[in-house]
Amino acid sequence: MSLDVSPALLEQAERGEVDEADFVDCVRTSLPYAWEMISSLVAQLKVDGGVFADNQTPPPDEQARGQLLRALASDAIRGALQRHFGVRLAFQNCHRVAVFPLDSSVDDTLARFTSVRNQLLNQSPELRDC
């Protein structure tokens, strides 16, 4: 299981209504590396301004890498994180996470970041097994 779901949160899901704040808290406690990575990038974007903030440092171990993959590969988790932080998330190379403001003025930059061309340009032999 990728998330440590409390009995209370599981009960909410079984009833059909899930408080997104409770779900986000579950993500925060279950995937602490991914949470810290994303929250630090959001803070960096707010402090530095600019079009986006990203991380280019590989995770310290496979457990941390797995947390990033679970957080960003799940539509539900990714969507909840985007709504919680008020950003759009982009992901490359099993570790390169970027946060973009919701402002439509960055749409072209986001499109370039997530393009096939940039995916190819951001490859390296060191990342082949990530």
# chains A, B, ... in the order shown; residues from 1 in each chain; ligands from 1

$ closest_atom_pairs --of "range 64-102 of chain A" --to "range 38-48 of chain A" --cutoff "10 Å" --atoms "only C-alpha atoms" --output "JSON lines"
{"residue": "A:Leu68", "atom": "CA", "partner": "A:Ile38", "partner_atom": "CA", "distance": 9.3}
{"residue": "A:Ala71", "atom": "CA", "partner": "A:Ile38", "partner_atom": "CA", "distance": 9.9}
{"residue": "A:Leu81", "atom": "CA", "partner": "A:Ile38", "partner_atom": "CA", "distance": 8.6}
{"residue": "A:Gln82", "atom": "CA", "partner": "A:Ile38", "partner_atom": "CA", "distance": 9.7}
{"residue": "A:Phe85", "atom": "CA", "partner": "A:Val42", "partner_atom": "CA", "distance": 7.2}
{"residue": "A:Gly86", "atom": "CA", "partner": "A:Val42", "partner_atom": "CA", "distance": 8.9}
{"residue": "A:Val87", "atom": "CA", "partner": "A:Val42", "partner_atom": "CA", "distance": 7.7}
{"residue": "A:Leu89", "atom": "CA", "partner": "A:Ile38", "partner_atom": "CA", "distance": 8.6}
{"residue": "A:Val97", "atom": "CA", "partner": "A:Ile38", "partner_atom": "CA", "distance": 7.5}
{"residue": "A:Ala98", "atom": "CA", "partner": "A:Leu41", "partner_atom": "CA", "distance": 7.3}
{"residue": "A:Val99", "atom": "CA", "partner": "A:Val42", "partner_atom": "CA", "distance": 6.4}
{"residue": "A:Phe100", "atom": "CA", "partner": "A:Leu45", "partner_atom": "CA", "distance": 7.9}
{"residue": "A:Pro101", "atom": "CA", "partner": "A:Leu45", "partner_atom": "CA", "distance": 8.2}

$ residues_around --residues "range 57-65 of chain A" --least-positions-apart "3" --cutoff "7 Å" --atoms "only C-alpha atoms" --output "PyMOL selection string"
chain A and resi 33+68-69+94-95

$ write_last_selection --atoms "C-alpha atoms" --output "PDB file, in the first residue's frame"
ATOM      1  CA  TYR A  33       9.990  12.952   1.204  1.00  0.00           C
ATOM      2  CA  LEU A  68       7.923  10.827  -5.648  1.00  0.00           C
ATOM      3  CA  LEU A  69       6.704   8.278  -8.162  1.00  0.00           C
ATOM      4  CA  CYS A  94      11.995   9.995 -11.759  1.00  0.00           C
ATOM      5  CA  HIS A  95      13.126  12.960  -9.676  1.00  0.00           C
TER       6      HIS A  95
END

$ residues_around --residues "Val24 in chain A" --least-positions-apart "2" --cutoff "9 Å" --atoms "only C-alpha atoms" --output "list in words"
Asp19, Glu20, Ala21, Asp22, Cys26, Val27, Arg28, Thr29, Ile77, Ala80, Leu81 and His84 of chain A

$ residues_around --residues "Ala8 in chain A" --least-positions-apart "2" --cutoff "12 Å" --atoms "only C-alpha atoms" --output "MDAnalysis selection string"
chainID A and resid 4:6 10:15 17:19 22:23 26

$ closest_residue --among "A:Leu72, A:Gly16, A:Gly49, A:Ser2" --to "Asn93 in chain A" --atoms "only C-alpha atoms"
A:Leu72

$ select_by_dssp --residues "range 69-119 of chain A" --states "alpha helix (DSSP H)" --output "ChimeraX atom specification"
/A:69-73,75-85,107-113,116-119

$ write_last_selection --atoms "N, CA, C and O atoms" --output "mmCIF file, in the first residue's frame"
data_model
loop_
_atom_site.group_PDB
_atom_site.id
_atom_site.type_symbol
_atom_site.label_atom_id
_atom_site.label_comp_id
_atom_site.auth_asym_id
_atom_site.auth_seq_id
_atom_site.Cartn_x
_atom_site.Cartn_y
_atom_site.Cartn_z
ATOM 1 N N LEU A 69 7.444 8.963 -7.110
ATOM 2 C CA LEU A 69 6.704 8.278 -8.162
ATOM 3 C C LEU A 69 5.250 8.060 -7.753
ATOM 4 O O LEU A 69 4.336 8.284 -8.547
ATOM 5 N N ARG A 70 5.019 7.631 -6.512
ATOM 6 C CA ARG A 70 3.638 7.414 -6.062
ATOM 7 C C ARG A 70 2.862 8.718 -6.034
ATOM 8 O O ARG A 70 1.708 8.773 -6.452
ATOM 9 N N ALA A 71 3.482 9.776 -5.542
ATOM 10 C CA ALA A 71 2.776 11.054 -5.426
ATOM 11 C C ALA A 71 2.419 11.636 -6.783
ATOM 12 O O ALA A 71 1.321 12.168 -6.971
ATOM 13 N N LEU A 72 3.323 11.532 -7.736
ATOM 14 C CA LEU A 72 3.101 12.202 -9.015
ATOM 15 C C LEU A 72 2.480 11.303 -10.075
ATOM 16 O O LEU A 72 1.924 11.801 -11.051
ATOM 17 N N ALA A 73 2.502 9.997 -9.873
ATOM 18 C CA ALA A 73 1.879 9.101 -10.840
ATOM 19 C C ALA A 73 0.399 8.879 -10.548
ATOM 20 O O ALA A 73 -0.343 8.473 -11.422
ATOM 21 N N ASP A 75 -3.206 10.146 -10.139
ATOM 22 C CA ASP A 75 -4.014 11.319 -10.472
ATOM 23 C C ASP A 75 -4.657 11.915 -9.231
ATOM 24 O O ASP A 75 -4.718 13.139 -9.077
ATOM 25 N N ALA A 76 -5.153 11.059 -8.330
ATOM 26 C CA ALA A 76 -5.825 11.550 -7.125
ATOM 27 C C ALA A 76 -4.855 12.306 -6.214
ATOM 28 O O ALA A 76 -5.165 13.402 -5.727
ATOM 29 N N ILE A 77 -3.677 11.724 -5.982
ATOM 30 C CA ILE A 77 -2.696 12.374 -5.107
ATOM 31 C C ILE A 77 -2.175 13.647 -5.754
ATOM 32 O O ILE A 77 -2.139 14.709 -5.120
ATOM 33 N N ARG A 78 -1.790 13.554 -6.995
ATOM 34 C CA ARG A 78 -1.251 14.726 -7.700
ATOM 35 C C ARG A 78 -2.276 15.858 -7.728
ATOM 36 O O ARG A 78 -1.954 17.012 -7.458
ATOM 37 N N GLY A 79 -3.520 15.542 -8.051
ATOM 38 C CA GLY A 79 -4.567 16.558 -8.091
ATOM 39 C C GLY A 79 -4.797 17.196 -6.737
ATOM 40 O O GLY A 79 -4.941 18.416 -6.629
ATOM 41 N N ALA A 80 -4.821 16.385 -5.687
ATOM 42 C CA ALA A 80 -5.022 16.922 -4.338
ATOM 43 C C ALA A 80 -3.862 17.833 -3.942
ATOM 44 O O ALA A 80 -4.079 18.888 -3.338
ATOM 45 N N LEU A 81 -2.641 17.432 -4.278
ATOM 46 C CA LEU A 81 -1.478 18.272 -3.965
ATOM 47 C C LEU A 81 -1.529 19.589 -4.744
ATOM 48 O O LEU A 81 -1.227 20.658 -4.193
ATOM 49 N N GLN A 82 -1.901 19.527 -6.001
ATOM 50 C CA GLN A 82 -1.998 20.756 -6.800
ATOM 51 C C GLN A 82 -3.042 21.698 -6.209
ATOM 52 O O GLN A 82 -2.804 22.907 -6.100
ATOM 53 N N ARG A 83 -4.184 21.161 -5.825
ATOM 54 C CA ARG A 83 -5.225 22.015 -5.225
ATOM 55 C C ARG A 83 -4.780 22.553 -3.875
ATOM 56 O O ARG A 83 -5.000 23.725 -3.556
ATOM 57 N N HIS A 84 -4.148 21.713 -3.069
ATOM 58 C CA HIS A 84 -3.705 22.136 -1.739
ATOM 59 C C HIS A 84 -2.691 23.280 -1.816
ATOM 60 O O HIS A 84 -2.796 24.264 -1.089
ATOM 61 N N PHE A 85 -1.704 23.123 -2.688
ATOM 62 C CA PHE A 85 -0.640 24.126 -2.791
ATOM 63 C C PHE A 85 -0.954 25.246 -3.781
ATOM 64 O O PHE A 85 -0.235 26.236 -3.828
ATOM 65 N N ASP A 107 1.814 29.157 -19.233
ATOM 66 C CA ASP A 107 1.386 27.982 -19.999
ATOM 67 C C ASP A 107 2.412 27.549 -21.037
ATOM 68 O O ASP A 107 2.666 26.351 -21.209
ATOM 69 N N ASP A 108 3.016 28.492 -21.738
ATOM 70 C CA ASP A 108 4.006 28.135 -22.757
ATOM 71 C C ASP A 108 5.244 27.492 -22.128
ATOM 72 O O ASP A 108 5.788 26.524 -22.660
ATOM 73 N N THR A 109 5.673 28.018 -20.989
ATOM 74 C CA THR A 109 6.837 27.445 -20.306
ATOM 75 C C THR A 109 6.524 26.044 -19.802
ATOM 76 O O THR A 109 7.342 25.135 -19.935
ATOM 77 N N LEU A 110 5.347 25.862 -19.246
ATOM 78 C CA LEU A 110 4.930 24.535 -18.787
ATOM 79 C C LEU A 110 4.862 23.568 -19.967
ATOM 80 O O LEU A 110 5.331 22.426 -19.872
ATOM 81 N N ALA A 111 4.324 24.005 -21.080
ATOM 82 C CA ALA A 111 4.237 23.148 -22.264
ATOM 83 C C ALA A 111 5.630 22.750 -22.754
ATOM 84 O O ALA A 111 5.850 21.603 -23.142
ATOM 85 N N ARG A 112 6.576 23.687 -22.723
ATOM 86 C CA ARG A 112 7.954 23.356 -23.115
ATOM 87 C C ARG A 112 8.575 22.366 -22.130
ATOM 88 O O ARG A 112 9.228 21.400 -22.526
ATOM 89 N N PHE A 113 8.372 22.604 -20.828
ATOM 90 C CA PHE A 113 8.937 21.735 -19.797
ATOM 91 C C PHE A 113 8.433 20.305 -19.958
ATOM 92 O O PHE A 113 9.185 19.348 -19.782
ATOM 93 N N VAL A 116 7.878 16.534 -25.397
ATOM 94 C CA VAL A 116 8.684 15.380 -25.777
ATOM 95 C C VAL A 116 10.141 15.803 -25.958
ATOM 96 O O VAL A 116 11.064 15.116 -25.507
ATOM 97 N N ARG A 117 10.358 16.941 -26.573
ATOM 98 C CA ARG A 117 11.720 17.436 -26.806
ATOM 99 C C ARG A 117 12.473 17.587 -25.496
ATOM 100 O O ARG A 117 13.601 17.100 -25.348
ATOM 101 N N ASN A 118 11.862 18.277 -24.522
ATOM 102 C CA ASN A 118 12.552 18.473 -23.248
ATOM 103 C C ASN A 118 12.721 17.171 -22.479
ATOM 104 O O ASN A 118 13.714 16.997 -21.765
ATOM 105 N N GLN A 119 11.772 16.260 -22.614
ATOM 106 C CA GLN A 119 11.949 14.951 -21.972
ATOM 107 C C GLN A 119 13.203 14.278 -22.517
ATOM 108 O O GLN A 119 14.010 13.757 -21.768
#

$ atom_distance --atom1 "CA of Pro32 in chain A" --atom2 "CA of Arg96 in chain A"
16.6 Å

$ select_by_dssp --residues "chain A" --states "strand (DSSP E or B)" --output "list in words"
Ala53, Asp54, Val87, Arg88, Leu89, Ala90, Phe91, Gln92, Arg96, Val97, Ala98, Val99, Phe100 and Pro101 of chain A
